[in-house]
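This report refers to the structure that appears directly beneath it.
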Amino acid sequence: MKAKISRRILFFALILASVSCADFLEPEPTTGISDKRSIYDEKSAVAALNGAYNSLKGSGYYGLDFNFIPYLFADNVKFVGIQTYYKIFVRPNGYGKTSLQSDNSSLGGVWEAIYRTINSANHLIDKIPQVDDPNFTQEERDDILGQAYFIRALSYFDLTRFWGGVQLTLKPTTSPDDVTGIKRSSPEETYEQISADLARAEALLDSKPSRIFVDLGAVQALIARLALYRQEWEKAEAYATRVISNSKYALVKPYSVFYTTKASTESIFELEFTVSEANTSSHWWRPSELGGRYEASLNDVIVGLLKDPDTGGNRGELVLESERRKEIYNGFYWRGQRDDPEYLFRIAEQYLIRAEARAHRGNLSGSLDDLNVVRARADVTPLPADRYDSLDKALQALEDERRIEFAVENHRFFDLRRTNRLNAVLGEDEGYLFPIPINQLDRDPYLEPNPSN
């Protein structure tokens, strides 16, 4: 079995290496996708799966805007550039309401990119069982199907984080018009679909040595995150424990090792970029003297928290400064060749998910232990029990720790919304959802707007 898995991983890697950067940096301007690669044998199935991974890496999704918009909506990142369609996200003095418009092109690009990814997954889910190829083993079919179910689940989870309940399309389409006329599901109905897809993925997948393809650990990590959002504390604790107990994953020290070393033991699932398939985000974060656009930087508050030994510890290494202009920038994107990975799931998050779940279940001691594991890795003094002896204190400590641990990862805005802290921290309406892109509303009278529209 290990030989088959190794052969499959090598095959995936060769396919990835053969795909040009333009395949994912220039996304199609529609929410529907034609079935460009007919799925008829093992090789074409792998090529189609690779297409789904490329969709995840697209500039409208994890390659840039899906991360960039929530960064600018929260309070760790400040806008320092000139791109007009990002200026609207800037909060005066780091707080207060924004006025994001539904015709914002970057927002519309996120919607289209995620539905494009869903459609790629739908093609795989629909067609893999029908492939007639004696060399395409059931084990290989199950593995590709499991990854497709995960990718669809992650995509719907991310749509829900941006817009709430959305239109559920579970069959492949060839035109954007094929997804019109579908009423939005409620957030809970959308979560149920995500949960069903993850259950299928969990049953189909096993563990892989690779961290750039979805395996059982990645599925369990997303199940834990979904349970956190749904406040299913027992399930969140159970699944985070499964991931933490997996010997494949371990915190690395110092903190910087996980983003200066590709596929470290910290990583559960990361998206791989190469010199020829560069990470778009890197260009937008890096200072101009290093060849970037420098559209965003870390604000003074988070820089102070990261640099403070009592809060940031060795996480202060995340803050970099250009030599000539002394511009502060995000150390995640330090590679001059712009092949920095995007870290979708890592083990530190699982410790903090379990800590939050345990706190809600009344196990403050166990919760504090998990929090202090993360702090110890950062060389931060353990938080004493007298600062963690009530649920309110524990939740505040966890909010503070998550803000620093994931300073430039896509969590802060969504954390504040799911815990009903948007107004207290950012001055924003509680439960704020991004406006539905106006071009989607114009196309489809069945698509209901959000209050922010």
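All residue names refer to the structure tokens as shown: chains lettered A, B, ... in order, residues numbered from 1 in each chain, ligands numbered from 1 in order.
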
Would you mind writing down, as a PyMOL selection string, each residue of stretch 224-379 of chain A that DSSP on the backbone assigns to helix (DSSP H, G or I)?
chain A and resi 224-229+233-244+257-260+280-285+288-290+300-307+313-318+331-333+347-360+364-377

A:Glu409: which residues within 12 Å, counting only C-alpha atoms, same-chain residues fewer than 4 positions away excluded, as an MDAnalysis selection string?
chainID A and resid 62 64 66:72 74 76:77 259 281 298 318 330:333 342:346 349 402:405 413:415

Just the residues within 7 Å of stretch 138-151 of chain A, please, counting only C-alpha atoms, with nothing from its chain fewer than 2 positions along; format it as an mmCIF file with C-alpha atoms, in the first residue's frame.
```cif
data_model
loop_
_atom_site.group_PDB
_atom_site.id
_atom_site.type_symbol
_atom_site.label_atom_id
_atom_site.label_comp_id
_atom_site.auth_asym_id
_atom_site.auth_seq_id
_atom_site.Cartn_x
_atom_site.Cartn_y
_atom_site.Cartn_z
ATOM 1 C CA ALA A 121 -14.535 19.102 -7.155
ATOM 2 C CA LEU A 124 -14.353 14.679 -9.863
ATOM 3 C CA ILE A 125 -17.097 13.479 -7.528
ATOM 4 C CA ILE A 128 -14.544 9.262 -10.981
ATOM 5 C CA PHE A 136 -7.289 2.760 -11.988
ATOM 6 C CA ALA A 153 -16.226 21.000 1.963
ATOM 7 C CA LEU A 154 -13.448 23.550 2.508
ATOM 8 C CA SER A 155 -14.797 25.716 -0.310
ATOM 9 C CA ASP A 197 -18.748 15.890 2.621
ATOM 10 C CA LEU A 198 -16.184 15.661 5.416
ATOM 11 C CA ARG A 200 -17.285 10.964 3.152
ATOM 12 C CA ALA A 201 -13.710 12.235 2.948
ATOM 13 C CA LEU A 204 -12.194 7.408 2.025
ATOM 14 C CA LEU A 205 -8.799 8.794 3.056
ATOM 15 C CA VAL A 214 -5.187 16.286 1.476
ATOM 16 C CA VAL A 219 -9.919 16.169 7.050
#
```

Fewer than 5 positions away in the same chain doesn't count, so skip those; otherwise give me all residues within 7 Å of A:Glu266, counting only C-alpha atoms, as a PyMOL selection string.
chain A and resi 249-252+258+346-347

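Between A:Ile328 and the candidates A:Leu100, A:Lys78, A:Asn246, A:Glu192, the tightest atom-to-atom separation, counting only C-alpha atoms, involves A:Lys78.
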
Residues within 12 Å of stretch 417-426 of chain A, only C-alpha atoms, excluding chain neighbours under 3 positions, as a count of residues only
44

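Our summary of the geometry notes that atom CA of A:Glu272 is positioned 24.8 Å from atom CA of A:Ile353.
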
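Around A:Asn119, within 7 Å and counting only C-alpha atoms, the residues found are Gly32, Ile33, Tyr115, Arg116, Thr117, Ala121, Asn122, His123, Pro172 and Thr173 of chain A, once anything fewer than 2 positions away on its own chain is removed.
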
Would you mind writing down, as a ChimeraX atom specification, each residue of stretch 217-358 of chain A that DSSP on the backbone assigns to strand (DSSP E)?
/A:267-271,296-298,319-321,328-330,342-346

Selected residues written out, N, CA and C atoms, as a compact mmCIF listing (two decimals), in the first residue's frame:
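Resulting contents of part21.txt:
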```
# COMPACT_ATOMS: atom_id res chain seq x y z
N SER A 267 3.04 21.48 9.89
CA SER A 267 2.06 21.64 8.82
C SER A 267 1.17 20.41 8.70
N ILE A 268 -0.13 20.65 8.66
CA ILE A 268 -1.09 19.58 8.40
C ILE A 268 -1.43 19.56 6.91
N PHE A 269 -1.69 20.73 6.36
CA PHE A 269 -1.96 20.85 4.93
C PHE A 269 -1.55 22.24 4.48
N GLU A 270 -0.67 22.29 3.49
CA GLU A 270 -0.24 23.56 2.93
C GLU A 270 -0.30 23.50 1.41
N LEU A 271 -0.49 24.65 0.79
CA LEU A 271 -0.52 24.74 -0.66
C LEU A 271 0.88 25.07 -1.15
N ALA A 296 0.25 46.03 1.76
CA ALA A 296 -0.19 45.85 3.15
C ALA A 296 1.01 45.65 4.05
N SER A 297 0.84 46.04 5.31
CA SER A 297 1.89 45.89 6.31
C SER A 297 1.25 45.54 7.65
N LEU A 298 2.06 45.17 8.62
CA LEU A 298 1.59 44.92 9.97
C LEU A 298 1.44 46.26 10.68
N VAL A 319 8.19 39.61 12.09
CA VAL A 319 8.26 41.01 11.67
C VAL A 319 9.62 41.27 11.03
N LEU A 320 9.59 41.60 9.75
CA LEU A 320 10.82 41.92 9.02
C LEU A 320 10.82 43.38 8.60
N GLU A 321 12.01 43.91 8.34
CA GLU A 321 12.14 45.32 7.95
C GLU A 321 13.10 45.43 6.78
N ILE A 328 8.24 47.87 7.33
CA ILE A 328 7.88 46.65 8.06
C ILE A 328 7.05 45.76 7.15
N TYR A 329 7.42 44.49 7.11
CA TYR A 329 6.62 43.59 6.28
C TYR A 329 6.50 42.21 6.92
N ASN A 330 5.62 41.44 6.35
CA ASN A 330 5.21 40.13 6.84
C ASN A 330 6.26 39.08 6.49
N GLU A 342 1.23 28.50 1.27
CA GLU A 342 0.12 29.00 2.09
C GLU A 342 -0.26 27.89 3.06
N TYR A 343 -0.28 28.22 4.35
CA TYR A 343 -0.51 27.23 5.39
C TYR A 343 -1.98 27.23 5.78
N LEU A 344 -2.72 26.23 5.29
CA LEU A 344 -4.16 26.20 5.54
C LEU A 344 -4.49 25.60 6.89
N PHE A 345 -3.74 24.60 7.31
CA PHE A 345 -3.97 23.95 8.60
C PHE A 345 -2.62 23.60 9.22
N ARG A 346 -2.45 23.95 10.48
CA ARG A 346 -1.24 23.55 11.19
C ARG A 346 -1.60 23.17 12.62
```

Excluding same-chain residues fewer than 4 positions from A:Ala378, what lies within 10 Å of it counting only C-alpha atoms, as a PyMOL selection string?
chain A and resi 252-256+309-316+372-374+405

Proximity to A:Ser390 - best of A:Ala376, A:Ala359, A:Val110, A:Leu371, only C-alpha atoms
A:Ala359

Take atom CA of A:Tyr191 and atom CA of A:Arg358 and report the distance between them in Å, one decimal.
22.1 Å

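Proximity of A:Thr241, A:Asn299, A:Glu188, A:Ser120 to A:Asn50, computed with only C-alpha atoms, is greatest for A:Ser120.
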
So how many Å separate atom CA of A:Thr265 and atom CA of A:Tyr388, to one decimal?
29.3 Å
